[in-house]
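Single-structure report; data block below.
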Amino acid sequence: MESPSPSGVLRVSPDNLSAEVPVGTCLLDALTALGVHLLAPCGGEGTCGKCRVQARGSLSPVGVGEAQKLGAENVQAGFRLACQARVEGDVEVVVPASSRRPQMRILLSGSMQDVELEPAVEKKFVRLAPQTLSEPYSRLEHLRRCGDLRADLHAELPVLQRLPAMLDEAGDAVTVVLCEDLLLGVEAGDTTAECYGVAVDLGTTTVVASLVDLRTGRELAHAATVNQQTQYGHDVVSRIHATMEREDGLQVLQAAAHASVSRVVQDVLESTGVPPERLYDATLVGNATMMHLCLGIPPASLGHLPYVAAVGHAVLAPGADVGFHGHPAMRVYVLPNIAGFVGADTVGAILAAGLDKNDGRIRLLADIGTNCEIALRLGERLLVTSTPAGPAFEGARIACGMYAAPGAIEEVHIDGHVHWQTIGGQPPLGLCGSGLVDISAELVRLGVVDATGRMLGPDELDGTVSPEVRRSLVEREGGLAFVIAAAPDGSQIVLTQRDVRELQLAKGAIRSGIDLLLEHAGLTVDQLDEFVIAGGFGSYIDKENAMRLGMVPRLDPAKLTFIGNGALVGARLALVSRALRRQGEKIARQAAHLQLAHTPDFQLRFSEAMLFEA
């Protein structure tokens, strides 16, 4: 008889949770299994230092890298990085608020255009006449004839198995639920007033859902959450590697995607009182990696040259197979990918911005997120590309970075004194993406940061810089830092020299993608009639500061338009219009993809784009 594997008891404060955990389990994984979600933007590599907890008991020894990241004083106080510590026996852990994944501020919706209502799912009320000996055809055929339904109506096996009971219970007055030529179900009485669908944007960092009345196309509710995959890395490359390095990696990341989708769908249903069995249809968008992971398709081919997807066409899947829990026969329509990392979310944003149509204008779309997808409409041509902007705007690899959550500094202005504003007016806890852009742009404007990104010391600054700004420059381990504010625990919220370099990498990727796509089309910025910015982060940044840093080209601010979460809007459009589903599929077939890695002078242009325009 095999002896049981050794284990220890993990107790977590202040949550008052406990569980038995096998010896050797990573502490981060054990906490996640208990429902305690920590920040881990580096994917458990131990490089971000944001999953720190205070622990007492039997854990693996502190490693050299972990000790360097924590500092001797914190190690002495019992702090550990949860991703680097393994359970070796009984452990008591205190999880500070600063290490927990916060409730984020997420842009839930964006601009919506008028479309002809043509959802894939519809309902029809039918009166059933009694069947007679002279009508020997099947019950399904009888239903079709009584309802004057299309001649090619059919049903899949699970519905056929339930059909006799459905009809027996319903009597002679029924509502049929149809998805084009497919019978999804039969309901007793007249339920035509209850027909709902949900659009979901499965982003690398955030997951957003919009509940829609399919009879009217009206949005009834929306909800958002953090993608539970973030603990396996903040960018798609980390997650692709996770599926390859862990034996169960694909299953684990698929389960995390499904749990995130299920959470937002449940939230919109509960907020409206709509029962799950009245949810019949869904559309899903996301980048190529997110779609592969959600569908359980190995994404390894996206992780190496030539960066190709396993599948690019639209996918129609049973809801339960993709994390949606609604009507038993619920369908999920996954919008198509275009090529490489230009995925279904870009198709959605193109639909939302109207770039699928040639209206005679030259229009550029940049959907700014962890990845930045760029699309250019030039006559009958639609050109697309993508750049890995990275997780800096989500707070990863930024010393005091954090998600856009209550307490995050979102605006900074310096007029001799440093002024800041936090989300929700809460005490400052860290710096989110828009705040990172603001403080960097202000320091560039004042000459504290030069065009190369170097932070100048107090005695290098000219006489126009105020004493307060000079005092805010301090020496930290690793170089200079600028103190923005003091946190409630007395620690300083700073922008470091390394943070500036991370920002330069992100903005360099975005700008080089924009410049090279325009150059490939033989255009200059001045020829653009409109520059459309999509994405949650993109909708909160200050236009002038983005141009001062060179993140976007300098152009007439009147040409710069924000459309919000374009990917979600596109998913909603596809939910209420079969014509726009077909249009999205046409986009995926016809768009020309520019692979930046194959552009001869990409590295040179990227290096140039890292410079600030001051």
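Ligands are numbered from 1 in the order shown, chains are lettered A, B, ... in the order of the structure tokens, and residues start at 1 in each chain.
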So that I can check the surroundings of Leu10 in chain A, please list as a JSON list (two decimals) with N, CA and C atoms, in the first residue's frame every protein, DNA and RNA residue that reaches within 6 Å of it, counting only C-alpha atoms and ignoring chain neighbours fewer than 6 positions away.
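File produced: out_29.json:
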```json
[["chain", "number", "residue", "atom", "x", "y", "z"],
["A", 18, "SER", "N", -7.57, 28.24, 5.14],
["A", 18, "SER", "CA", -6.55, 27.22, 5.37],
["A", 18, "SER", "C", -6.82, 26.04, 4.44],
["A", 19, "ALA", "N", -5.75, 25.31, 4.14],
["A", 19, "ALA", "CA", -5.87, 24.13, 3.28],
["A", 19, "ALA", "C", -4.64, 23.27, 3.45],
["A", 90, "ASP", "N", 4.03, 23.00, 7.51],
["A", 90, "ASP", "CA", 3.00, 23.96, 7.91],
["A", 90, "ASP", "C", 3.51, 25.39, 7.71],
["A", 91, "VAL", "N", 2.66, 26.25, 7.17],
["A", 91, "VAL", "CA", 3.05, 27.63, 6.86],
["A", 91, "VAL", "C", 1.90, 28.57, 7.20],
["A", 92, "GLU", "N", 2.25, 29.71, 7.80],
["A", 92, "GLU", "CA", 1.30, 30.80, 8.01],
["A", 92, "GLU", "C", 1.74, 31.98, 7.15]]
```
Checklist entry - Would you give me, as a VMD selection string, the residues in range 203-334 of chain A that DSSP reads as strand (DSSP E)? => result chain A and resid 206 to 213 218 to 226 279 to 285 315 to 318 331 to 334
Keeping only C-alpha atoms, take the residues you just selected and write them out as a short mmCIF file (atom, residue, chain, number, x, y, z; two decimals), in the first residue's frame.
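Final output, again_14.cif:
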```cif
data_model
loop_
_atom_site.label_atom_id
_atom_site.label_comp_id
_atom_site.auth_asym_id
_atom_site.auth_seq_id
_atom_site.Cartn_x
_atom_site.Cartn_y
_atom_site.Cartn_z
CA THR A 206 -8.66 42.15 -18.77
CA VAL A 207 -11.86 40.33 -19.69
CA VAL A 208 -14.98 42.35 -20.46
CA ALA A 209 -18.55 41.24 -21.21
CA SER A 210 -21.60 43.04 -22.59
CA LEU A 211 -25.10 41.53 -22.24
CA VAL A 212 -27.36 42.36 -25.20
CA ASP A 213 -31.10 42.01 -25.86
CA ARG A 218 -29.61 47.20 -26.74
CA GLU A 219 -26.85 46.65 -24.18
CA LEU A 220 -28.37 45.72 -20.80
CA ALA A 221 -25.28 45.38 -18.63
CA HIS A 222 -21.51 45.07 -18.74
CA ALA A 223 -18.89 43.66 -16.40
CA ALA A 224 -15.14 43.22 -16.28
CA THR A 225 -12.50 41.26 -14.42
CA VAL A 226 -8.78 40.57 -14.51
CA LEU A 279 -28.66 33.17 -22.96
CA TYR A 280 -28.47 31.64 -26.45
CA ASP A 281 -25.67 33.30 -28.39
CA ALA A 282 -22.23 34.79 -27.79
CA THR A 283 -19.38 36.37 -29.69
CA LEU A 284 -15.77 36.21 -28.54
CA VAL A 285 -12.75 38.31 -29.50
CA VAL A 315 -14.97 29.21 -35.15
CA LEU A 316 -18.47 28.27 -34.01
CA ALA A 317 -18.34 26.26 -30.78
CA PRO A 318 -20.73 25.00 -28.10
CA ARG A 331 -23.40 28.81 -29.48
CA VAL A 332 -20.24 30.92 -29.35
CA TYR A 333 -19.01 32.62 -32.50
CA VAL A 334 -15.26 33.31 -32.31
#
```
Need to verify the contact set: Gly147 in chain A, 7 Å, only C-alpha atoms, exclusion of same-chain residues closer than 3 positions in sequence. Can you return it as a CSV table (one decimal) with C-alpha atoms, in the first residue's frame?
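Okay, this is what ended up in around.csv:
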```csv
chain,number,residue,atom,x,y,z
A,126,VAL,CA,-45.7,28.4,-32.9
A,143,LEU,CA,-43.0,21.4,-35.7
A,144,ARG,CA,-41.4,22.8,-38.9
```
Item to check | Secondary structure check, alpha helix (DSSP H) residues of range 153-234 of chain A, as number ranges by chain | outcome: A: 157-170
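Of the residues listed (A:Leu59, A:Ile398, A:Cys48, A:Leu549), A:Leu549 shows the shortest atom-to-atom separation from Ala609 in chain A; distances use only C-alpha atoms.
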Checklist entry - Any idea what's packed within 8 Å of range 377-385 of chain A, counting only C-alpha atoms, ignoring anything in its chain fewer than 5 positions away? Could you give it as a PyMOL selection string? => result chain A and resi 342+355-356+358-364+513+517+590-596
Give me a file of those residues, with C-alpha atoms, as a CSV table (one decimal), in the first residue's frame.
```csv
chain,number,residue,atom,x,y,z
A,342,VAL,CA,-3.2,40.4,-35.4
A,355,LEU,CA,-12.3,50.7,-41.3
A,356,ASP,CA,-13.9,47.8,-43.0
A,358,ASN,CA,-13.6,52.6,-47.9
A,359,ASP,CA,-15.2,56.0,-47.3
A,360,GLY,CA,-12.5,57.9,-49.3
A,361,ARG,CA,-10.5,58.9,-46.2
A,362,ILE,CA,-7.1,57.7,-45.2
A,363,ARG,CA,-7.6,56.4,-41.6
A,364,LEU,CA,-5.2,54.8,-39.2
A,513,GLY,CA,4.9,50.1,-35.9
A,517,LEU,CA,3.1,50.8,-41.7
A,590,GLN,CA,-8.4,40.5,-47.5
A,591,ALA,CA,-6.2,42.5,-45.1
A,592,ALA,CA,-2.6,42.6,-46.0
A,593,HIS,CA,-0.3,41.8,-43.0
A,594,LEU,CA,3.0,43.5,-42.6
A,595,GLN,CA,5.4,41.4,-40.5
A,596,LEU,CA,7.7,44.0,-38.8
```
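Excluding Ile297 in chain A itself and any same-chain residue fewer than 5 positions from it, the protein and nucleic acid residues within 8 Å of it, counting only C-alpha atoms, are Leu250, His292 and Ala310 of chain A.
With CA of Gly185 in chain A on one side and CA of Ala129 in chain A on the other, the separation reads 18.7 Å.
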Item to check | Non-local contacts of Val95 in chain A (9 Å; only C-alpha atoms; under 2 positions in same chain excluded) as a ChimeraX atom specification | outcome: /A:12-15,36,38,51-55,93,97-100
Checklist entry - CA of Ala120 in chain A and CA of Ala375 in chain A, how far apart in Å? => result 27.5 Å
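When only C-alpha atoms are used to measure the gap to Glu585 in chain A, the shortest distance among A:Leu253, A:Val347, A:Ala242, A:Leu117 belongs to A:Val347.
For the pair CA of Arg278 in chain A and CA of Gln131 in chain A, the separation is 29.0 Å.
Using only C-alpha atoms for every distance, the candidate list A:Asp499, A:Asp235, A:Glu88, A:Asp345 yields A:Asp235 as the residue closest to Pro388 in chain A.
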Checklist entry - From the list A:Leu184, A:Ala399, A:Ala389, A:Val75, which residue is nearest Met551 in chain A when using only C-alpha atoms? => result A:Ala389
Checklist entry - Which residues come within 9 Å of range 188-191 of chain A, counting only C-alpha atoms, excluding same-chain residues fewer than 2 positions away, as a list of chain:residue names? => result A:Lys123, A:Lys124, A:Phe125, A:Val126, A:Met166, A:Leu167, A:Glu169, A:Ala170, A:Gly171, A:Asp172, A:Ala173, A:Val174, A:Thr175, A:Val176, A:Val186, A:Ala193, A:Glu194, A:Cys195
